[in-house]
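Note: the block below is final.cif and it holds mmCIF, N, CA and C atoms.
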```cif
data_protein
loop_
_atom_site.label_atom_id
_atom_site.label_comp_id
_atom_site.auth_asym_id
_atom_site.auth_seq_id
_atom_site.Cartn_x
_atom_site.Cartn_y
_atom_site.Cartn_z
N MET A 1 0.86 -1.18 0.00
CA MET A 1 0.00 0.00 0.00
C MET A 1 0.90 1.23 0.00
N SER A 2 0.58 2.14 -0.84
CA SER A 2 1.33 3.39 -0.91
C SER A 2 1.01 4.24 0.31
N GLU A 3 2.02 4.89 0.85
CA GLU A 3 1.82 5.78 2.00
C GLU A 3 0.90 6.94 1.63
N LYS A 4 0.82 7.25 0.34
CA LYS A 4 0.03 8.40 -0.09
C LYS A 4 -1.41 8.06 -0.43
N LEU A 5 -1.79 6.79 -0.34
CA LEU A 5 -3.15 6.40 -0.63
C LEU A 5 -4.06 6.89 0.50
N LEU A 6 -5.03 7.72 0.14
CA LEU A 6 -5.92 8.34 1.13
C LEU A 6 -7.33 7.77 1.02
N ALA A 7 -8.12 8.04 2.04
CA ALA A 7 -9.52 7.59 2.04
C ALA A 7 -10.23 8.06 0.78
N GLN A 8 -9.99 9.31 0.37
CA GLN A 8 -10.65 9.84 -0.82
C GLN A 8 -10.22 9.13 -2.09
N ASP A 9 -9.06 8.45 -2.06
CA ASP A 9 -8.61 7.68 -3.21
C ASP A 9 -9.27 6.30 -3.28
N ILE A 10 -9.68 5.80 -2.13
CA ILE A 10 -10.25 4.46 -2.02
C ILE A 10 -11.76 4.47 -2.19
N MET A 11 -12.41 5.51 -1.72
CA MET A 11 -13.88 5.57 -1.63
C MET A 11 -14.58 5.56 -2.97
N SER A 12 -15.85 5.22 -2.90
CA SER A 12 -16.77 5.43 -4.03
C SER A 12 -17.49 6.73 -3.74
N GLY A 13 -17.50 7.63 -4.69
CA GLY A 13 -18.16 8.92 -4.50
C GLY A 13 -19.62 8.86 -4.91
N GLY A 14 -20.26 9.99 -4.87
CA GLY A 14 -21.65 10.09 -5.31
C GLY A 14 -22.63 9.38 -4.41
N VAL A 15 -22.33 9.33 -3.14
CA VAL A 15 -23.21 8.65 -2.19
C VAL A 15 -24.47 9.46 -1.98
N GLN A 16 -25.60 8.79 -1.99
CA GLN A 16 -26.88 9.45 -1.77
C GLN A 16 -27.34 9.22 -0.35
N CYS A 17 -27.72 10.29 0.32
CA CYS A 17 -28.26 10.21 1.68
C CYS A 17 -29.77 10.03 1.63
N VAL A 18 -30.29 9.42 2.68
CA VAL A 18 -31.73 9.43 2.91
C VAL A 18 -31.98 10.31 4.11
N GLY A 19 -33.12 10.94 4.14
CA GLY A 19 -33.46 11.82 5.25
C GLY A 19 -33.86 11.04 6.48
N ALA A 20 -33.55 11.59 7.63
CA ALA A 20 -33.89 10.94 8.90
C ALA A 20 -35.39 10.74 9.04
N HIS A 21 -36.19 11.56 8.36
CA HIS A 21 -37.65 11.48 8.48
C HIS A 21 -38.29 10.60 7.41
N GLU A 22 -37.48 10.05 6.49
CA GLU A 22 -38.04 9.17 5.47
C GLU A 22 -38.46 7.84 6.09
N SER A 23 -39.51 7.26 5.54
CA SER A 23 -39.97 5.96 6.06
C SER A 23 -39.03 4.86 5.59
N LEU A 24 -39.01 3.78 6.36
CA LEU A 24 -38.20 2.63 5.98
C LEU A 24 -38.67 2.05 4.65
N PHE A 25 -39.95 2.18 4.36
CA PHE A 25 -40.48 1.73 3.08
C PHE A 25 -39.81 2.50 1.93
N GLU A 26 -39.73 3.83 2.08
CA GLU A 26 -39.08 4.67 1.06
C GLU A 26 -37.58 4.37 0.98
N VAL A 27 -36.96 4.16 2.13
CA VAL A 27 -35.53 3.83 2.15
C VAL A 27 -35.28 2.52 1.41
N ALA A 28 -36.13 1.52 1.65
CA ALA A 28 -35.98 0.23 0.99
C ALA A 28 -36.12 0.39 -0.53
N LYS A 29 -37.04 1.21 -0.98
CA LYS A 29 -37.20 1.44 -2.42
C LYS A 29 -35.96 2.13 -3.00
N THR A 30 -35.40 3.07 -2.24
CA THR A 30 -34.18 3.74 -2.70
C THR A 30 -33.03 2.75 -2.80
N MET A 31 -32.90 1.87 -1.80
CA MET A 31 -31.86 0.84 -1.85
C MET A 31 -32.04 -0.04 -3.09
N ARG A 32 -33.28 -0.43 -3.35
CA ARG A 32 -33.56 -1.25 -4.53
C ARG A 32 -33.16 -0.51 -5.80
N ASP A 33 -33.57 0.74 -5.91
CA ASP A 33 -33.31 1.51 -7.12
C ASP A 33 -31.82 1.76 -7.35
N LEU A 34 -31.07 1.93 -6.26
CA LEU A 34 -29.63 2.18 -6.36
C LEU A 34 -28.81 0.89 -6.33
N ASN A 35 -29.48 -0.23 -6.08
CA ASN A 35 -28.83 -1.54 -5.96
C ASN A 35 -27.74 -1.53 -4.89
N VAL A 36 -28.11 -1.02 -3.70
CA VAL A 36 -27.19 -0.98 -2.56
C VAL A 36 -27.88 -1.58 -1.34
N GLY A 37 -27.08 -1.98 -0.37
CA GLY A 37 -27.62 -2.55 0.85
C GLY A 37 -27.44 -1.67 2.06
N CYS A 38 -26.92 -0.47 1.84
CA CYS A 38 -26.67 0.45 2.95
C CYS A 38 -26.74 1.88 2.42
N LEU A 39 -27.36 2.75 3.22
CA LEU A 39 -27.43 4.17 2.86
C LEU A 39 -27.12 5.02 4.08
N PRO A 40 -26.43 6.13 3.87
CA PRO A 40 -26.23 7.07 4.97
C PRO A 40 -27.53 7.80 5.27
N ILE A 41 -27.72 8.14 6.53
CA ILE A 41 -28.88 8.93 6.96
C ILE A 41 -28.36 10.32 7.29
N CYS A 42 -29.03 11.33 6.75
CA CYS A 42 -28.65 12.71 7.03
C CYS A 42 -29.80 13.40 7.74
N GLY A 43 -29.45 14.23 8.70
CA GLY A 43 -30.46 14.99 9.43
C GLY A 43 -30.91 16.21 8.65
N ASP A 44 -31.71 17.03 9.31
CA ASP A 44 -32.25 18.23 8.66
C ASP A 44 -31.15 19.20 8.24
N ASN A 45 -29.98 19.11 8.87
CA ASN A 45 -28.87 20.00 8.53
C ASN A 45 -27.97 19.40 7.45
N ASN A 46 -28.42 18.31 6.84
CA ASN A 46 -27.67 17.60 5.79
C ASN A 46 -26.34 17.04 6.28
N ARG A 47 -26.23 16.82 7.57
CA ARG A 47 -25.04 16.20 8.15
C ARG A 47 -25.32 14.73 8.41
N LEU A 48 -24.30 13.91 8.28
CA LEU A 48 -24.41 12.48 8.52
C LEU A 48 -24.83 12.23 9.96
N THR A 49 -25.90 11.46 10.14
CA THR A 49 -26.33 11.10 11.50
C THR A 49 -26.30 9.60 11.73
N GLY A 50 -26.20 8.83 10.66
CA GLY A 50 -26.18 7.38 10.83
C GLY A 50 -26.14 6.66 9.50
N LEU A 51 -26.22 5.34 9.60
CA LEU A 51 -26.30 4.47 8.43
C LEU A 51 -27.46 3.54 8.64
N ILE A 52 -28.09 3.13 7.57
CA ILE A 52 -29.14 2.14 7.66
C ILE A 52 -28.86 1.07 6.61
N THR A 53 -29.02 -0.18 7.01
CA THR A 53 -28.79 -1.29 6.10
C THR A 53 -30.10 -2.01 5.82
N ASP A 54 -30.08 -2.77 4.74
CA ASP A 54 -31.25 -3.59 4.43
C ASP A 54 -31.53 -4.57 5.58
N ARG A 55 -30.48 -5.04 6.20
CA ARG A 55 -30.64 -5.96 7.34
C ARG A 55 -31.33 -5.26 8.52
N ASP A 56 -30.98 -3.99 8.77
CA ASP A 56 -31.65 -3.23 9.83
C ASP A 56 -33.16 -3.21 9.59
N ILE A 57 -33.55 -2.95 8.35
CA ILE A 57 -34.97 -2.86 8.02
C ILE A 57 -35.67 -4.19 8.27
N VAL A 58 -35.03 -5.26 7.85
CA VAL A 58 -35.64 -6.58 8.00
C VAL A 58 -35.69 -7.00 9.48
N ILE A 59 -34.58 -6.91 10.17
CA ILE A 59 -34.50 -7.41 11.55
C ILE A 59 -35.23 -6.52 12.55
N LYS A 60 -35.05 -5.22 12.45
CA LYS A 60 -35.59 -4.31 13.46
C LYS A 60 -37.00 -3.81 13.16
N CYS A 61 -37.50 -4.10 11.98
CA CYS A 61 -38.83 -3.63 11.61
C CYS A 61 -39.70 -4.78 11.13
N CYS A 62 -39.41 -5.30 9.96
CA CYS A 62 -40.27 -6.33 9.35
C CYS A 62 -40.40 -7.57 10.23
N ALA A 63 -39.30 -8.07 10.77
CA ALA A 63 -39.34 -9.28 11.60
C ALA A 63 -40.09 -9.06 12.91
N GLU A 64 -40.26 -7.81 13.28
CA GLU A 64 -41.02 -7.47 14.49
C GLU A 64 -42.50 -7.21 14.18
N GLY A 65 -42.86 -7.37 12.90
CA GLY A 65 -44.25 -7.18 12.51
C GLY A 65 -44.66 -5.73 12.39
N ILE A 66 -43.70 -4.85 12.23
CA ILE A 66 -43.97 -3.42 12.14
C ILE A 66 -44.02 -3.02 10.67
N ASP A 67 -44.96 -2.20 10.32
CA ASP A 67 -45.10 -1.71 8.95
C ASP A 67 -43.97 -0.72 8.65
N PRO A 68 -43.10 -1.02 7.68
CA PRO A 68 -41.98 -0.11 7.39
C PRO A 68 -42.40 1.27 6.93
N ALA A 69 -43.63 1.43 6.49
CA ALA A 69 -44.11 2.75 6.07
C ALA A 69 -44.37 3.64 7.28
N THR A 70 -44.39 3.06 8.48
CA THR A 70 -44.70 3.84 9.70
C THR A 70 -43.47 4.16 10.53
N VAL A 71 -42.30 3.74 10.09
CA VAL A 71 -41.07 3.92 10.87
C VAL A 71 -40.13 4.86 10.13
N GLN A 72 -39.61 5.86 10.82
CA GLN A 72 -38.66 6.79 10.21
C GLN A 72 -37.25 6.23 10.27
N ALA A 73 -36.48 6.47 9.23
CA ALA A 73 -35.11 5.97 9.15
C ALA A 73 -34.27 6.42 10.34
N GLY A 74 -34.45 7.64 10.77
CA GLY A 74 -33.68 8.18 11.89
C GLY A 74 -33.90 7.45 13.20
N SER A 75 -35.01 6.73 13.31
CA SER A 75 -35.28 6.02 14.56
C SER A 75 -34.38 4.80 14.72
N LEU A 76 -33.73 4.37 13.65
CA LEU A 76 -32.83 3.23 13.72
C LEU A 76 -31.36 3.64 13.80
N ASN A 77 -31.12 4.93 13.93
CA ASN A 77 -29.74 5.41 14.01
C ASN A 77 -28.99 4.77 15.17
N ALA A 78 -27.81 4.33 14.87
CA ALA A 78 -26.89 3.86 15.89
C ALA A 78 -25.63 4.70 15.73
N LYS A 79 -24.68 4.52 16.62
CA LYS A 79 -23.44 5.27 16.51
C LYS A 79 -22.81 5.00 15.14
N VAL A 80 -22.42 6.04 14.49
CA VAL A 80 -21.82 5.90 13.16
C VAL A 80 -20.34 6.26 13.24
N HIS A 81 -19.53 5.44 12.63
CA HIS A 81 -18.09 5.69 12.54
C HIS A 81 -17.83 6.22 11.14
N TRP A 82 -16.92 7.17 11.02
CA TRP A 82 -16.59 7.77 9.74
C TRP A 82 -15.10 8.08 9.72
N ILE A 83 -14.62 8.48 8.55
CA ILE A 83 -13.20 8.81 8.41
C ILE A 83 -13.06 10.08 7.59
N ASP A 84 -12.06 10.86 7.91
CA ASP A 84 -11.75 12.08 7.15
C ASP A 84 -11.26 11.68 5.76
N ALA A 85 -11.66 12.42 4.76
CA ALA A 85 -11.25 12.15 3.38
C ALA A 85 -9.74 12.15 3.22
N GLU A 86 -9.03 12.90 4.08
CA GLU A 86 -7.58 13.00 3.97
C GLU A 86 -6.84 11.99 4.84
N ALA A 87 -7.56 11.10 5.52
CA ALA A 87 -6.91 10.07 6.33
C ALA A 87 -6.23 9.07 5.39
N ASP A 88 -5.13 8.49 5.85
CA ASP A 88 -4.45 7.53 4.98
C ASP A 88 -5.10 6.15 5.07
N ALA A 89 -4.74 5.32 4.12
CA ALA A 89 -5.35 3.99 3.99
C ALA A 89 -5.17 3.15 5.24
N ALA A 90 -4.05 3.30 5.92
CA ALA A 90 -3.82 2.53 7.15
C ALA A 90 -4.86 2.91 8.21
N ASP A 91 -5.22 4.18 8.28
CA ASP A 91 -6.25 4.63 9.24
C ASP A 91 -7.62 4.09 8.84
N VAL A 92 -7.88 4.02 7.55
CA VAL A 92 -9.15 3.45 7.07
C VAL A 92 -9.26 2.01 7.56
N LEU A 93 -8.23 1.22 7.29
CA LEU A 93 -8.24 -0.19 7.72
C LEU A 93 -8.35 -0.32 9.23
N ALA A 94 -7.59 0.49 9.95
CA ALA A 94 -7.62 0.41 11.41
C ALA A 94 -9.02 0.72 11.96
N THR A 95 -9.68 1.72 11.40
CA THR A 95 -11.02 2.09 11.85
C THR A 95 -12.02 0.98 11.56
N MET A 96 -11.97 0.45 10.35
CA MET A 96 -12.90 -0.62 9.98
C MET A 96 -12.65 -1.88 10.80
N GLU A 97 -11.39 -2.20 11.03
CA GLU A 97 -11.06 -3.39 11.80
C GLU A 97 -11.43 -3.21 13.27
N GLU A 98 -11.10 -2.07 13.84
CA GLU A 98 -11.38 -1.82 15.26
C GLU A 98 -12.87 -1.93 15.57
N HIS A 99 -13.69 -1.40 14.69
CA HIS A 99 -15.14 -1.37 14.93
C HIS A 99 -15.86 -2.52 14.21
N GLN A 100 -15.10 -3.36 13.54
CA GLN A 100 -15.62 -4.51 12.79
C GLN A 100 -16.79 -4.09 11.89
N ILE A 101 -16.50 -3.11 11.04
CA ILE A 101 -17.51 -2.60 10.11
C ILE A 101 -17.07 -2.83 8.67
N LYS A 102 -18.06 -2.95 7.80
CA LYS A 102 -17.80 -3.25 6.39
C LYS A 102 -18.04 -2.06 5.48
N ARG A 103 -18.57 -0.98 6.05
CA ARG A 103 -18.83 0.24 5.29
C ARG A 103 -18.41 1.43 6.15
N LEU A 104 -17.73 2.37 5.52
CA LEU A 104 -17.21 3.51 6.27
C LEU A 104 -17.47 4.81 5.50
N PRO A 105 -18.33 5.68 6.02
CA PRO A 105 -18.56 6.97 5.36
C PRO A 105 -17.29 7.82 5.39
N VAL A 106 -17.11 8.59 4.33
CA VAL A 106 -15.95 9.48 4.20
C VAL A 106 -16.46 10.92 4.24
N ILE A 107 -15.88 11.70 5.15
CA ILE A 107 -16.29 13.08 5.39
C ILE A 107 -15.16 14.02 4.99
N ASP A 108 -15.50 15.07 4.25
CA ASP A 108 -14.53 16.12 3.92
C ASP A 108 -14.55 17.14 5.05
N VAL A 109 -13.70 16.93 6.02
CA VAL A 109 -13.70 17.78 7.22
C VAL A 109 -13.36 19.22 6.85
N LYS A 110 -12.33 19.41 6.04
CA LYS A 110 -11.93 20.77 5.65
C LYS A 110 -12.96 21.45 4.76
N GLY A 111 -13.73 20.68 4.05
CA GLY A 111 -14.70 21.21 3.10
C GLY A 111 -16.11 21.32 3.67
N GLY A 112 -16.22 21.63 4.94
CA GLY A 112 -17.53 21.85 5.54
C GLY A 112 -18.17 20.63 6.17
N HIS A 113 -17.34 19.62 6.42
CA HIS A 113 -17.82 18.40 7.09
C HIS A 113 -18.91 17.71 6.27
N ARG A 114 -18.72 17.69 4.95
CA ARG A 114 -19.69 17.08 4.04
C ARG A 114 -19.37 15.60 3.82
N LEU A 115 -20.42 14.82 3.64
CA LEU A 115 -20.27 13.42 3.25
C LEU A 115 -19.89 13.40 1.78
N VAL A 116 -18.74 12.80 1.45
CA VAL A 116 -18.28 12.80 0.07
C VAL A 116 -18.18 11.40 -0.53
N GLY A 117 -18.30 10.37 0.29
CA GLY A 117 -18.20 9.03 -0.26
C GLY A 117 -18.37 7.97 0.80
N MET A 118 -18.20 6.73 0.35
CA MET A 118 -18.32 5.57 1.22
C MET A 118 -17.23 4.58 0.82
N ILE A 119 -16.61 3.98 1.81
CA ILE A 119 -15.64 2.92 1.55
C ILE A 119 -16.30 1.61 1.94
N THR A 120 -16.31 0.68 1.00
CA THR A 120 -16.89 -0.64 1.22
C THR A 120 -15.81 -1.70 1.03
N GLU A 121 -16.19 -2.93 1.30
CA GLU A 121 -15.26 -4.04 1.07
C GLU A 121 -14.81 -4.09 -0.38
N ALA A 122 -15.71 -3.81 -1.31
CA ALA A 122 -15.36 -3.82 -2.72
C ALA A 122 -14.30 -2.76 -3.02
N ASP A 123 -14.41 -1.60 -2.39
CA ASP A 123 -13.42 -0.54 -2.59
C ASP A 123 -12.05 -0.97 -2.06
N LEU A 124 -12.05 -1.66 -0.91
CA LEU A 124 -10.79 -2.18 -0.36
C LEU A 124 -10.18 -3.18 -1.33
N ALA A 125 -11.01 -4.08 -1.85
CA ALA A 125 -10.52 -5.12 -2.75
C ALA A 125 -9.88 -4.52 -4.01
N LYS A 126 -10.39 -3.39 -4.47
CA LYS A 126 -9.86 -2.75 -5.67
C LYS A 126 -8.54 -2.02 -5.42
N ASN A 127 -8.30 -1.64 -4.16
CA ASN A 127 -7.18 -0.74 -3.88
C ASN A 127 -6.08 -1.30 -3.00
N LEU A 128 -6.30 -2.43 -2.34
CA LEU A 128 -5.33 -2.95 -1.39
C LEU A 128 -4.74 -4.27 -1.86
N SER A 129 -3.65 -4.66 -1.25
CA SER A 129 -3.00 -5.92 -1.61
C SER A 129 -3.81 -7.10 -1.07
N ASP A 130 -3.56 -8.27 -1.61
CA ASP A 130 -4.23 -9.48 -1.14
C ASP A 130 -3.96 -9.72 0.34
N GLU A 131 -2.75 -9.44 0.77
CA GLU A 131 -2.40 -9.63 2.18
C GLU A 131 -3.21 -8.69 3.08
N GLN A 132 -3.34 -7.45 2.67
CA GLN A 132 -4.11 -6.49 3.46
C GLN A 132 -5.58 -6.87 3.53
N ILE A 133 -6.12 -7.35 2.41
CA ILE A 133 -7.51 -7.78 2.38
C ILE A 133 -7.73 -8.99 3.27
N ALA A 134 -6.80 -9.93 3.24
CA ALA A 134 -6.90 -11.12 4.09
C ALA A 134 -6.85 -10.74 5.56
N GLU A 135 -5.97 -9.82 5.91
CA GLU A 135 -5.88 -9.37 7.31
C GLU A 135 -7.16 -8.66 7.73
N PHE A 136 -7.68 -7.81 6.86
CA PHE A 136 -8.94 -7.12 7.13
C PHE A 136 -10.05 -8.14 7.37
N ALA A 137 -10.19 -9.09 6.48
CA ALA A 137 -11.25 -10.09 6.59
C ALA A 137 -11.13 -10.89 7.88
N SER A 138 -9.92 -11.26 8.25
CA SER A 138 -9.75 -12.04 9.47
C SER A 138 -10.11 -11.24 10.72
N ARG A 139 -9.88 -9.94 10.68
CA ARG A 139 -10.20 -9.10 11.85
C ARG A 139 -11.66 -8.69 11.91
N VAL A 140 -12.27 -8.42 10.76
CA VAL A 140 -13.65 -7.97 10.73
C VAL A 140 -14.61 -9.13 10.88
N TYR A 141 -14.26 -10.27 10.32
CA TYR A 141 -15.15 -11.42 10.38
C TYR A 141 -14.77 -12.40 11.49
N ALA A 142 -13.81 -12.02 12.33
CA ALA A 142 -13.38 -12.91 13.42
C ALA A 142 -14.54 -13.18 14.37
N THR A 143 -14.61 -14.38 14.85
CA THR A 143 -15.63 -14.73 15.83
C THR A 143 -15.07 -14.47 17.22
N ALA A 144 -15.97 -14.16 18.13
CA ALA A 144 -15.54 -13.84 19.51
C ALA A 144 -15.04 -15.08 20.22
#
```
Could I get this file's structure written as structure tokens?
Amino acid sequence: MSEKLLAQDIMSGGVQCVGAHESLFEVAKTMRDLNVGCLPICGDNNRLTGLITDRDIVIKCCAEGIDPATVQAGSLNAKVHWIDAEADAADVLATMEEHQIKRLPVIDVKGGHRLVGMITEADLAKNLSDEQIAEFASRVYATA
């Protein structure tokens, strides 16, 4: 891995946020339309407040017998981990490994704290060595 490889070099840009007040039904349709399994949630100030996954919708809503049209995306917010766009690749890996996460929002801290992208496992696979990917997988998918 090059010392100069930054989060902004690894990420996929053009990430679309869903509003905290959108229903899970609408969020699920957006996921379908974008062919993604995770979307960032932004509050009224357009700042990142969380992430929602297709699994969250199924486990925390549908499996509980709750109508997804009646639940707001923001109600499922959990602590969200993110990385500065200018952080180096080693920090990206360390953050994802430490928190055992597979998706990491990228924030342009100097540019107004805007969400500028997302780093996923696919992004890591495209940009890192086989050894780094294997180490990441062993740490993120490790069983307790």
Hits from the PyMOL selection byres ((chain A and resi 53-56) around 8), listed as JSON, numbers by chain | {"A": [27, 28, 31, 36, 37, 38, 39, 40, 50, 51, 52, 57, 58, 59, 60, 61, 62, 63, 76]}
With the file shown as input, list the residues that the PyMOL selection byres (((chain A and resi 44 and name CA) around 9) and name CA) selects, as a ChimeraX atom specification.
-> /A:19-21,42-43,45-47
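The space between atom CA of A:Asp84 and atom CA of A:Ala142 spans 25.8 Å.
In this comparison, which uses only N, CA and C atoms, the residue of A:Ala90, A:Val140, A:Leu48, A:Ile101 approaching A:Arg114 most closely is A:Leu48.
For the atom pair formed by atom C of A:Ala125 and atom C of A:Lys79, the distance is 25.0 Å, given to one decimal.
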Stretch 22-133 of chain A: residues DSSP assigns to alpha helix (DSSP H), reported as a ChimeraX atom specification | /A:24-34,54-60,89-98,121-127,130-133
Can you spell out as a PDB file with N, CA and C atoms, keeping the file's coordinate frame the set of residues that the PyMOL selection byres (((chain A and resi 9 and name CA) around 12) and name CA) selects in the structure I just provided?
```
ATOM      1  N   MET A   1       0.860  -1.180   0.000  1.00  0.00           N
ATOM      2  CA  MET A   1       0.000   0.000   0.000  1.00  0.00           C
ATOM      3  C   MET A   1       0.900   1.230   0.000  1.00  0.00           C
ATOM      4  N   SER A   2       0.580   2.140  -0.840  1.00  0.00           N
ATOM      5  CA  SER A   2       1.330   3.390  -0.910  1.00  0.00           C
ATOM      6  C   SER A   2       1.010   4.240   0.310  1.00  0.00           C
ATOM      7  N   GLU A   3       2.020   4.890   0.850  1.00  0.00           N
ATOM      8  CA  GLU A   3       1.820   5.780   2.000  1.00  0.00           C
ATOM      9  C   GLU A   3       0.900   6.940   1.630  1.00  0.00           C
ATOM     10  N   LYS A   4       0.820   7.250   0.340  1.00  0.00           N
ATOM     11  CA  LYS A   4       0.030   8.400  -0.090  1.00  0.00           C
ATOM     12  C   LYS A   4      -1.410   8.060  -0.430  1.00  0.00           C
ATOM     13  N   LEU A   5      -1.790   6.790  -0.340  1.00  0.00           N
ATOM     14  CA  LEU A   5      -3.150   6.400  -0.630  1.00  0.00           C
ATOM     15  C   LEU A   5      -4.060   6.890   0.500  1.00  0.00           C
ATOM     16  N   LEU A   6      -5.030   7.720   0.140  1.00  0.00           N
ATOM     17  CA  LEU A   6      -5.920   8.340   1.130  1.00  0.00           C
ATOM     18  C   LEU A   6      -7.330   7.770   1.020  1.00  0.00           C
ATOM     19  N   ALA A   7      -8.120   8.040   2.040  1.00  0.00           N
ATOM     20  CA  ALA A   7      -9.520   7.590   2.040  1.00  0.00           C
ATOM     21  C   ALA A   7     -10.230   8.060   0.780  1.00  0.00           C
ATOM     22  N   GLN A   8      -9.990   9.310   0.370  1.00  0.00           N
ATOM     23  CA  GLN A   8     -10.650   9.840  -0.820  1.00  0.00           C
ATOM     24  C   GLN A   8     -10.220   9.130  -2.090  1.00  0.00           C
ATOM     25  N   ILE A  10      -9.680   5.800  -2.130  1.00  0.00           N
ATOM     26  CA  ILE A  10     -10.250   4.460  -2.020  1.00  0.00           C
ATOM     27  C   ILE A  10     -11.760   4.470  -2.190  1.00  0.00           C
ATOM     28  N   MET A  11     -12.410   5.510  -1.720  1.00  0.00           N
ATOM     29  CA  MET A  11     -13.880   5.570  -1.630  1.00  0.00           C
ATOM     30  C   MET A  11     -14.580   5.560  -2.970  1.00  0.00           C
ATOM     31  N   SER A  12     -15.850   5.220  -2.900  1.00  0.00           N
ATOM     32  CA  SER A  12     -16.770   5.430  -4.030  1.00  0.00           C
ATOM     33  C   SER A  12     -17.490   6.730  -3.740  1.00  0.00           C
ATOM     34  N   GLY A  13     -17.500   7.630  -4.690  1.00  0.00           N
ATOM     35  CA  GLY A  13     -18.160   8.920  -4.500  1.00  0.00           C
ATOM     36  C   GLY A  13     -19.620   8.860  -4.910  1.00  0.00           C
ATOM     37  N   ASP A  84     -12.060  10.860   7.910  1.00  0.00           N
ATOM     38  CA  ASP A  84     -11.750  12.080   7.150  1.00  0.00           C
ATOM     39  C   ASP A  84     -11.260  11.680   5.760  1.00  0.00           C
ATOM     40  N   ALA A  85     -11.660  12.420   4.760  1.00  0.00           N
ATOM     41  CA  ALA A  85     -11.250  12.150   3.380  1.00  0.00           C
ATOM     42  C   ALA A  85      -9.740  12.150   3.220  1.00  0.00           C
ATOM     43  N   GLU A  86      -9.030  12.900   4.080  1.00  0.00           N
ATOM     44  CA  GLU A  86      -7.580  13.000   3.970  1.00  0.00           C
ATOM     45  C   GLU A  86      -6.840  11.990   4.840  1.00  0.00           C
ATOM     46  N   ALA A  87      -7.560  11.100   5.520  1.00  0.00           N
ATOM     47  CA  ALA A  87      -6.910  10.070   6.330  1.00  0.00           C
ATOM     48  C   ALA A  87      -6.230   9.070   5.390  1.00  0.00           C
ATOM     49  N   ASP A  88      -5.130   8.490   5.850  1.00  0.00           N
ATOM     50  CA  ASP A  88      -4.450   7.530   4.980  1.00  0.00           C
ATOM     51  C   ASP A  88      -5.100   6.150   5.070  1.00  0.00           C
ATOM     52  N   ALA A  89      -4.740   5.320   4.120  1.00  0.00           N
ATOM     53  CA  ALA A  89      -5.350   3.990   3.990  1.00  0.00           C
ATOM     54  C   ALA A  89      -5.170   3.150   5.240  1.00  0.00           C
ATOM     55  N   VAL A  92      -7.880   4.020   7.550  1.00  0.00           N
ATOM     56  CA  VAL A  92      -9.150   3.450   7.070  1.00  0.00           C
ATOM     57  C   VAL A  92      -9.260   2.010   7.560  1.00  0.00           C
ATOM     58  N   VAL A 106     -17.110   8.590   4.330  1.00  0.00           N
ATOM     59  CA  VAL A 106     -15.950   9.480   4.200  1.00  0.00           C
ATOM     60  C   VAL A 106     -16.460  10.920   4.240  1.00  0.00           C
ATOM     61  N   VAL A 116     -18.740  12.800   1.450  1.00  0.00           N
ATOM     62  CA  VAL A 116     -18.280  12.800   0.070  1.00  0.00           C
ATOM     63  C   VAL A 116     -18.180  11.400  -0.530  1.00  0.00           C
ATOM     64  N   GLY A 117     -18.300  10.370   0.290  1.00  0.00           N
ATOM     65  CA  GLY A 117     -18.200   9.030  -0.260  1.00  0.00           C
ATOM     66  C   GLY A 117     -18.370   7.970   0.800  1.00  0.00           C
ATOM     67  N   MET A 118     -18.200   6.730   0.350  1.00  0.00           N
ATOM     68  CA  MET A 118     -18.320   5.570   1.220  1.00  0.00           C
ATOM     69  C   MET A 118     -17.230   4.580   0.820  1.00  0.00           C
ATOM     70  N   ILE A 119     -16.610   3.980   1.810  1.00  0.00           N
ATOM     71  CA  ILE A 119     -15.640   2.920   1.550  1.00  0.00           C
ATOM     72  C   ILE A 119     -16.300   1.610   1.940  1.00  0.00           C
ATOM     73  N   ASP A 123     -14.410  -1.600  -2.390  1.00  0.00           N
ATOM     74  CA  ASP A 123     -13.420  -0.540  -2.590  1.00  0.00           C
ATOM     75  C   ASP A 123     -12.050  -0.970  -2.060  1.00  0.00           C
ATOM     76  N   LEU A 124     -12.050  -1.660  -0.910  1.00  0.00           N
ATOM     77  CA  LEU A 124     -10.790  -2.180  -0.360  1.00  0.00           C
ATOM     78  C   LEU A 124     -10.180  -3.180  -1.330  1.00  0.00           C
ATOM     79  N   LYS A 126     -10.390  -3.390  -4.470  1.00  0.00           N
ATOM     80  CA  LYS A 126      -9.860  -2.750  -5.670  1.00  0.00           C
ATOM     81  C   LYS A 126      -8.540  -2.020  -5.420  1.00  0.00           C
ATOM     82  N   ASN A 127      -8.300  -1.640  -4.160  1.00  0.00           N
ATOM     83  CA  ASN A 127      -7.180  -0.740  -3.880  1.00  0.00           C
ATOM     84  C   ASN A 127      -6.080  -1.300  -3.000  1.00  0.00           C
ATOM     85  N   LEU A 128      -6.300  -2.430  -2.340  1.00  0.00           N
ATOM     86  CA  LEU A 128      -5.330  -2.950  -1.390  1.00  0.00           C
ATOM     87  C   LEU A 128      -4.740  -4.270  -1.860  1.00  0.00           C
TER      88      LEU A 128
END
```
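Across the model, the gap from atom CA of A:Leu104 to atom CA of A:Asp130 is 19.8 Å.
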Running DSSP on the backbone, which parts of chain A land in strand (DSSP E or B), as number ranges by chain?
-> A: 6, 12-13, 18-19, 23, 38-42, 48-53, 72, 83-84, 88, 103-108, 114-120
Please report, as AutoDock Vina command-line options, the centre and edge lengths in Å to one decimal of an axis-aligned box covering all listed atoms of stretch 96-99 of chain A with 4 Å per side.
```
--center_x -13.5 --center_y -1.5 --center_z 12.8 --size_x 12.8 --size_y 11.8 --size_z 13.6
```
